[in-house]
file coords_25.cif (mmCIF, C-alpha atoms)
data_data
loop_
_atom_site.label_atom_id
_atom_site.label_comp_id
_atom_site.auth_asym_id
_atom_site.auth_seq_id
_atom_site.Cartn_x
_atom_site.Cartn_y
_atom_site.Cartn_z
CA MET A 14 110.82 106.06 101.92
CA PHE A 15 112.89 109.06 102.82
CA GLY A 16 112.84 112.60 101.48
CA ILE A 17 109.73 112.58 99.30
CA GLY A 18 109.05 116.03 97.89
CA ARG A 19 106.41 115.28 95.26
CA LEU A 20 104.08 112.37 94.57
CA ILE A 21 103.06 112.23 90.93
CA VAL A 22 99.98 110.04 90.50
CA GLY A 23 98.72 108.77 87.15
CA THR A 24 94.99 109.47 87.12
CA SER A 25 92.67 108.23 84.40
CA GLY A 26 89.46 107.71 86.36
CA SER A 27 89.77 103.91 86.28
CA PRO A 28 89.23 102.02 89.57
CA GLY A 29 92.96 101.27 89.71
CA SER A 30 93.95 104.91 89.23
CA LEU A 31 91.46 106.06 91.88
CA ARG A 32 93.01 103.59 94.32
CA ALA A 33 96.47 104.87 93.37
CA LEU A 34 95.27 108.43 94.00
CA ARG A 35 93.99 107.50 97.45
CA TYR A 36 97.29 105.78 98.24
CA GLY A 37 99.23 108.79 96.94
CA GLU A 38 97.19 111.08 99.20
CA VAL A 39 98.03 109.00 102.30
CA LEU A 40 101.71 108.94 101.37
CA ALA A 41 101.77 112.68 100.62
CA ARG A 42 100.23 113.51 104.00
CA ALA A 43 102.65 111.20 105.82
CA HIS A 44 105.66 112.87 104.17
CA ASP A 45 104.25 116.40 103.91
CA ALA A 46 104.78 116.17 100.16
CA VAL A 47 103.06 117.83 97.21
CA LEU A 48 100.49 115.59 95.50
CA ILE A 49 100.25 115.97 91.72
CA PRO A 50 97.38 114.03 90.13
CA VAL A 51 98.16 113.83 86.41
CA ILE A 52 96.03 112.98 83.40
CA ALA A 53 97.51 112.73 79.92
CA TRP A 54 95.57 113.26 76.74
CA GLU A 55 96.07 112.63 73.06
CA VAL A 56 93.98 113.23 69.97
CA PRO A 57 92.46 109.83 69.12
CA GLY A 58 93.64 108.26 65.90
CA GLU A 59 96.46 110.69 65.32
CA SER A 60 100.15 110.30 65.99
CA ARG A 61 101.61 112.77 68.47
CA GLY A 62 102.18 116.23 67.07
CA ARG A 63 100.17 115.95 63.84
CA ILE A 64 97.22 118.00 65.12
CA GLN A 65 97.89 121.31 66.76
CA PRO A 66 96.54 121.67 70.33
CA ALA A 67 94.74 124.83 69.19
CA SER A 68 92.54 122.85 66.76
CA GLU A 69 88.90 122.26 67.68
CA LEU A 70 89.53 118.54 68.11
CA GLY A 71 92.61 119.22 70.25
CA ARG A 72 90.65 121.62 72.47
CA ALA A 73 87.83 119.08 72.79
CA CYS A 74 90.27 116.36 73.84
CA ARG A 75 91.94 118.65 76.38
CA ASP A 76 88.55 119.69 77.79
CA LEU A 77 87.54 116.03 78.08
CA ALA A 78 90.79 115.25 79.92
CA CYS A 79 90.23 118.17 82.32
CA GLN A 80 86.71 116.89 83.04
CA ARG A 81 87.96 113.33 83.61
CA LEU A 82 90.58 114.59 86.05
CA ARG A 83 87.98 116.72 87.84
CA ASP A 84 85.64 113.69 88.01
CA ALA A 85 88.41 111.51 89.43
CA LEU A 86 89.24 114.07 92.13
CA VAL A 87 85.56 114.36 93.05
CA ALA A 88 85.26 110.55 93.15
CA VAL A 89 88.14 110.35 95.64
CA TRP A 90 87.52 113.45 97.82
CA GLY A 91 83.95 114.52 97.07
CA GLU A 92 85.26 117.79 95.62
CA VAL A 93 88.23 119.26 93.81
CA PRO A 94 90.65 120.00 96.66
CA ASP A 95 91.42 123.63 97.39
CA ASP A 96 94.83 122.88 98.88
CA PRO A 97 98.12 124.31 97.58
CA ARG A 98 99.76 120.92 98.27
CA VAL A 99 97.45 119.28 95.69
CA GLN A 100 98.37 120.42 92.18
CA PRO A 101 96.32 118.71 89.43
CA HIS A 102 98.10 118.60 86.08
CA VAL A 103 96.81 117.97 82.54
CA ALA A 104 99.38 117.27 79.81
CA ARG A 105 99.33 116.24 76.17
CA GLY A 106 101.11 113.06 75.18
CA PRO A 107 101.17 109.32 75.84
CA ALA A 108 100.41 108.67 79.52
CA GLY A 109 103.62 106.83 80.40
CA TRP A 110 105.80 109.40 78.67
CA VAL A 111 104.00 112.30 80.38
CA LEU A 112 104.32 110.71 83.83
CA VAL A 113 107.99 109.79 83.46
CA ASN A 114 108.91 113.26 82.19
CA LEU A 115 107.03 114.98 84.99
CA ALA A 116 108.57 112.75 87.67
CA CYS A 117 112.10 113.99 87.02
CA ARG A 118 113.36 115.19 90.41
CA PRO A 119 115.42 113.08 92.82
CA ASP A 120 112.77 113.51 95.55
CA ASP A 121 109.84 112.48 93.31
CA VAL A 122 107.84 109.26 93.66
CA LEU A 123 105.62 108.11 90.81
CA VAL A 124 102.42 106.25 91.77
CA VAL A 125 100.49 104.32 89.11
CA GLY A 126 97.73 101.75 89.05
CA ALA A 127 99.15 98.29 88.38
CA GLY A 128 96.46 97.45 85.86
CA ARG A 129 94.71 94.17 85.34
CA ARG A 130 96.18 90.92 86.62
CA SER A 131 95.28 88.17 84.14
CA ALA A 132 98.06 87.02 81.80
CA LEU A 133 96.32 88.28 78.68
CA ALA A 134 95.41 91.61 80.29
CA ARG A 135 99.00 92.16 81.44
CA LEU A 136 100.16 91.83 77.84
CA ALA A 137 97.53 94.19 76.48
CA PHE A 138 96.58 96.67 79.21
CA SER A 139 99.46 97.45 81.57
CA LYS A 140 101.46 99.49 79.08
CA VAL A 141 101.49 102.66 81.19
CA SER A 142 102.70 101.10 84.44
CA GLY A 143 105.21 98.96 82.55
CA TYR A 144 106.54 101.98 80.70
CA CYS A 145 106.86 103.93 83.94
CA VAL A 146 108.72 101.12 85.72
CA ALA A 147 111.09 100.72 82.77
CA HIS A 148 111.82 104.42 82.12
CA ALA A 149 111.36 106.41 85.33
CA GLN A 150 114.40 107.95 87.03
CA CYS A 151 112.63 107.94 90.41
CA PRO A 152 110.94 105.26 92.53
CA VAL A 153 107.70 103.92 91.05
CA MET A 154 104.89 102.45 93.15
CA ALA A 155 102.43 100.24 91.29
CA VAL A 156 99.20 100.00 93.29
CA PRO A 157 97.11 96.87 92.59
CA PRO A 158 93.50 97.33 91.47
CA PRO A 159 90.77 97.23 94.11
CA ALA A 160 89.03 93.89 94.76
CA LEU A 161 85.81 95.14 93.15
CA ALA A 162 87.61 95.85 89.88
CA ARG A 163 89.10 92.34 89.90
CA GLU A 164 85.64 90.85 90.48
CA LEU A 165 83.99 92.94 87.77
CA ARG A 166 86.18 91.57 85.01
CA HIS A 167 84.53 88.15 85.47
CA GLY A 168 80.92 89.30 85.98
CA ARG A 169 78.03 89.60 83.56
CA LEU A 170 78.57 93.35 83.21
CA ALA A 171 82.31 93.12 82.61
CA TRP A 172 81.81 94.06 78.96
CA ALA A 173 80.52 97.47 80.07
CA PHE A 174 83.90 98.31 81.59
CA TRP A 175 86.10 97.33 78.64
CA ARG A 176 88.07 100.22 77.22
CA ARG A 177 87.29 101.04 73.64
CA SER A 178 89.21 103.34 71.35
CA LEU A 179 87.75 106.79 70.86
CA THR A 180 87.26 108.29 67.45
CA PRO A 181 87.44 112.04 66.77
CA ASP A 182 83.68 112.00 66.04
CA GLN A 183 82.93 110.48 69.48
CA VAL A 184 85.04 113.11 71.25
CA LEU A 185 83.29 115.99 69.49
CA HIS A 186 79.86 114.37 69.96
CA ASP A 187 80.46 113.82 73.72
CA ARG A 188 81.63 117.41 74.15
CA ASP A 189 78.36 118.76 72.78
CA ARG A 190 76.25 116.50 75.02
CA PRO A 191 74.90 118.19 78.17
CA ALA A 192 76.45 117.00 81.43
CA ALA A 193 74.33 114.58 83.45
#
call {"tool": "encode", "arguments": {"input": "coords_25.cif", "output": "structure tokens"}}
result
Amino acid sequence: MFGIGRLIVGTSGSPGSLRALRYGEVLARAHDAVLIPVIAWEVPGESRGRIQPASELGRACRDLACQRLRDALVAVWGEVPDDPRVQPHVARGPAGWVLVNLACRPDDVLVVGAGRRSALARLAFSKVSGYCVAHAQCPVMAVPPPALARELRHGRLAWAFWRRSLTPDQVLHDRDRPAA
């Protein structure tokens, strides 16, 4: 790769996105590029734009997204980096759309987790990486999930890692719960 100015990394906190973030960091250092970890958020159960971001539910969802991004950065580096070349970004909208619109410069590279590998999971769960590959105007790197994540999907505790839809009540309830 030649002339990388920014690495935009989709960050959700999943094992695949954490691996993508680590890979993005290595690539950013090698090319002296800016690293932009990005998390997208939406109000659960509502189509985009129907609830104003200033609403209580909108603020709760944004706060939750900020915390998830902070948690992901701490999981990768042990702290939120205090480096001007690392510029975390939180944006409202569908994840693929947010990433593709942010990665708009000719010297950008978009890094995403490749998602799950089974045939059924590819149909149902790799929407973000598929969207990015189909719509991005810059190179896209899809980083495969770590081996542990692949093993977990077949284990006894795999059910604990399934993604479930959030309801507005869950978001507001989780916001009021004290941090562990």
call {"tool": "resolve_selection", "arguments": {"input": "coords_25.cif", "expression": "the PyMOL selection byres ((chain A and resi 37) around 10)", "output": "ChimeraX atom specification"}}
result
/A:19-23,31-36,38-43,46-50,122-125,154,156
call {"tool": "write_last_selection", "arguments": {"input": "coords_25.cif", "atoms": "C-alpha atoms", "output": "PDB file, keeping the file's coordinate frame"}}
result
ATOM      1  CA  ARG A  19     106.410 115.280  95.260  1.00  0.00           C
ATOM      2  CA  LEU A  20     104.080 112.370  94.570  1.00  0.00           C
ATOM      3  CA  ILE A  21     103.060 112.230  90.930  1.00  0.00           C
ATOM      4  CA  VAL A  22      99.980 110.040  90.500  1.00  0.00           C
ATOM      5  CA  GLY A  23      98.720 108.770  87.150  1.00  0.00           C
ATOM      6  CA  LEU A  31      91.460 106.060  91.880  1.00  0.00           C
ATOM      7  CA  ARG A  32      93.010 103.590  94.320  1.00  0.00           C
ATOM      8  CA  ALA A  33      96.470 104.870  93.370  1.00  0.00           C
ATOM      9  CA  LEU A  34      95.270 108.430  94.000  1.00  0.00           C
ATOM     10  CA  ARG A  35      93.990 107.500  97.450  1.00  0.00           C
ATOM     11  CA  TYR A  36      97.290 105.780  98.240  1.00  0.00           C
ATOM     12  CA  GLU A  38      97.190 111.080  99.200  1.00  0.00           C
ATOM     13  CA  VAL A  39      98.030 109.000 102.300  1.00  0.00           C
ATOM     14  CA  LEU A  40     101.710 108.940 101.370  1.00  0.00           C
ATOM     15  CA  ALA A  41     101.770 112.680 100.620  1.00  0.00           C
ATOM     16  CA  ARG A  42     100.230 113.510 104.000  1.00  0.00           C
ATOM     17  CA  ALA A  43     102.650 111.200 105.820  1.00  0.00           C
ATOM     18  CA  ALA A  46     104.780 116.170 100.160  1.00  0.00           C
ATOM     19  CA  VAL A  47     103.060 117.830  97.210  1.00  0.00           C
ATOM     20  CA  LEU A  48     100.490 115.590  95.500  1.00  0.00           C
ATOM     21  CA  ILE A  49     100.250 115.970  91.720  1.00  0.00           C
ATOM     22  CA  PRO A  50      97.380 114.030  90.130  1.00  0.00           C
ATOM     23  CA  VAL A 122     107.840 109.260  93.660  1.00  0.00           C
ATOM     24  CA  LEU A 123     105.620 108.110  90.810  1.00  0.00           C
ATOM     25  CA  VAL A 124     102.420 106.250  91.770  1.00  0.00           C
ATOM     26  CA  VAL A 125     100.490 104.320  89.110  1.00  0.00           C
ATOM     27  CA  MET A 154     104.890 102.450  93.150  1.00  0.00           C
ATOM     28  CA  VAL A 156      99.200 100.000  93.290  1.00  0.00           C
TER      29      VAL A 156
END
call {"tool": "resolve_selection", "arguments": {"input": "coords_25.cif", "expression": "the PyMOL selection byres ((chain A and resi 117) around 12)", "output": "list in words"}}
result
Gly18, Arg19, Leu20, Ile21, Trp110, Val111, Leu112, Val113, Asn114, Leu115, Ala116, Arg118, Pro119, Asp120, Asp121, Val122, Leu123, Cys145, His148, Ala149, Gln150, Cys151, Pro152 and Val153 of chain A
call {"tool": "write_last_selection", "arguments": {"input": "coords_25.cif", "atoms": "C-alpha atoms", "output": "PDB file, in the coordinates of the input"}}
result
ATOM      1  CA  GLY A  18     109.050 116.030  97.890  1.00  0.00           C
ATOM      2  CA  ARG A  19     106.410 115.280  95.260  1.00  0.00           C
ATOM      3  CA  LEU A  20     104.080 112.370  94.570  1.00  0.00           C
ATOM      4  CA  ILE A  21     103.060 112.230  90.930  1.00  0.00           C
ATOM      5  CA  TRP A 110     105.800 109.400  78.670  1.00  0.00           C
ATOM      6  CA  VAL A 111     104.000 112.300  80.380  1.00  0.00           C
ATOM      7  CA  LEU A 112     104.320 110.710  83.830  1.00  0.00           C
ATOM      8  CA  VAL A 113     107.990 109.790  83.460  1.00  0.00           C
ATOM      9  CA  ASN A 114     108.910 113.260  82.190  1.00  0.00           C
ATOM     10  CA  LEU A 115     107.030 114.980  84.990  1.00  0.00           C
ATOM     11  CA  ALA A 116     108.570 112.750  87.670  1.00  0.00           C
ATOM     12  CA  ARG A 118     113.360 115.190  90.410  1.00  0.00           C
ATOM     13  CA  PRO A 119     115.420 113.080  92.820  1.00  0.00           C
ATOM     14  CA  ASP A 120     112.770 113.510  95.550  1.00  0.00           C
ATOM     15  CA  ASP A 121     109.840 112.480  93.310  1.00  0.00           C
ATOM     16  CA  VAL A 122     107.840 109.260  93.660  1.00  0.00           C
ATOM     17  CA  LEU A 123     105.620 108.110  90.810  1.00  0.00           C
ATOM     18  CA  CYS A 145     106.860 103.930  83.940  1.00  0.00           C
ATOM     19  CA  HIS A 148     111.820 104.420  82.120  1.00  0.00           C
ATOM     20  CA  ALA A 149     111.360 106.410  85.330  1.00  0.00           C
ATOM     21  CA  GLN A 150     114.400 107.950  87.030  1.00  0.00           C
ATOM     22  CA  CYS A 151     112.630 107.940  90.410  1.00  0.00           C
ATOM     23  CA  PRO A 152     110.940 105.260  92.530  1.00  0.00           C
ATOM     24  CA  VAL A 153     107.700 103.920  91.050  1.00  0.00           C
TER      25      VAL A 153
END
call {"tool": "resolve_selection", "arguments": {"input": "coords_25.cif", "expression": "the PyMOL selection byres ((chain A and resi 88) around 12)", "output": "ChimeraX atom specification"}}
result
/A:24-28,30-32,34-35,81-87,89-94
call {"tool": "atom_distance", "arguments": {"input": "coords_25.cif", "atom1": "CA of Gly143 in chain A", "atom2": "CA of Arg105 in chain A"}}
result
19.3 Å
call {"tool": "closest_residue", "arguments": {"input": "coords_25.cif", "among": "A:Ala78, A:Ala160, A:Ala127, A:Ala155", "to": "Gly106 in chain A", "atoms": "all atoms listed in the file"}}
result
A:Ala78
call {"tool": "atom_distance", "arguments": {"input": "coords_25.cif", "atom1": "CA of Ile52 in chain A", "atom2": "CA of His102 in chain A"}}
result
6.6 Å
call {"tool": "atom_distance", "arguments": {"input": "coords_25.cif", "atom1": "CA of Asp95 in chain A", "atom2": "CA of Pro159 in chain A"}}
result
26.6 Å
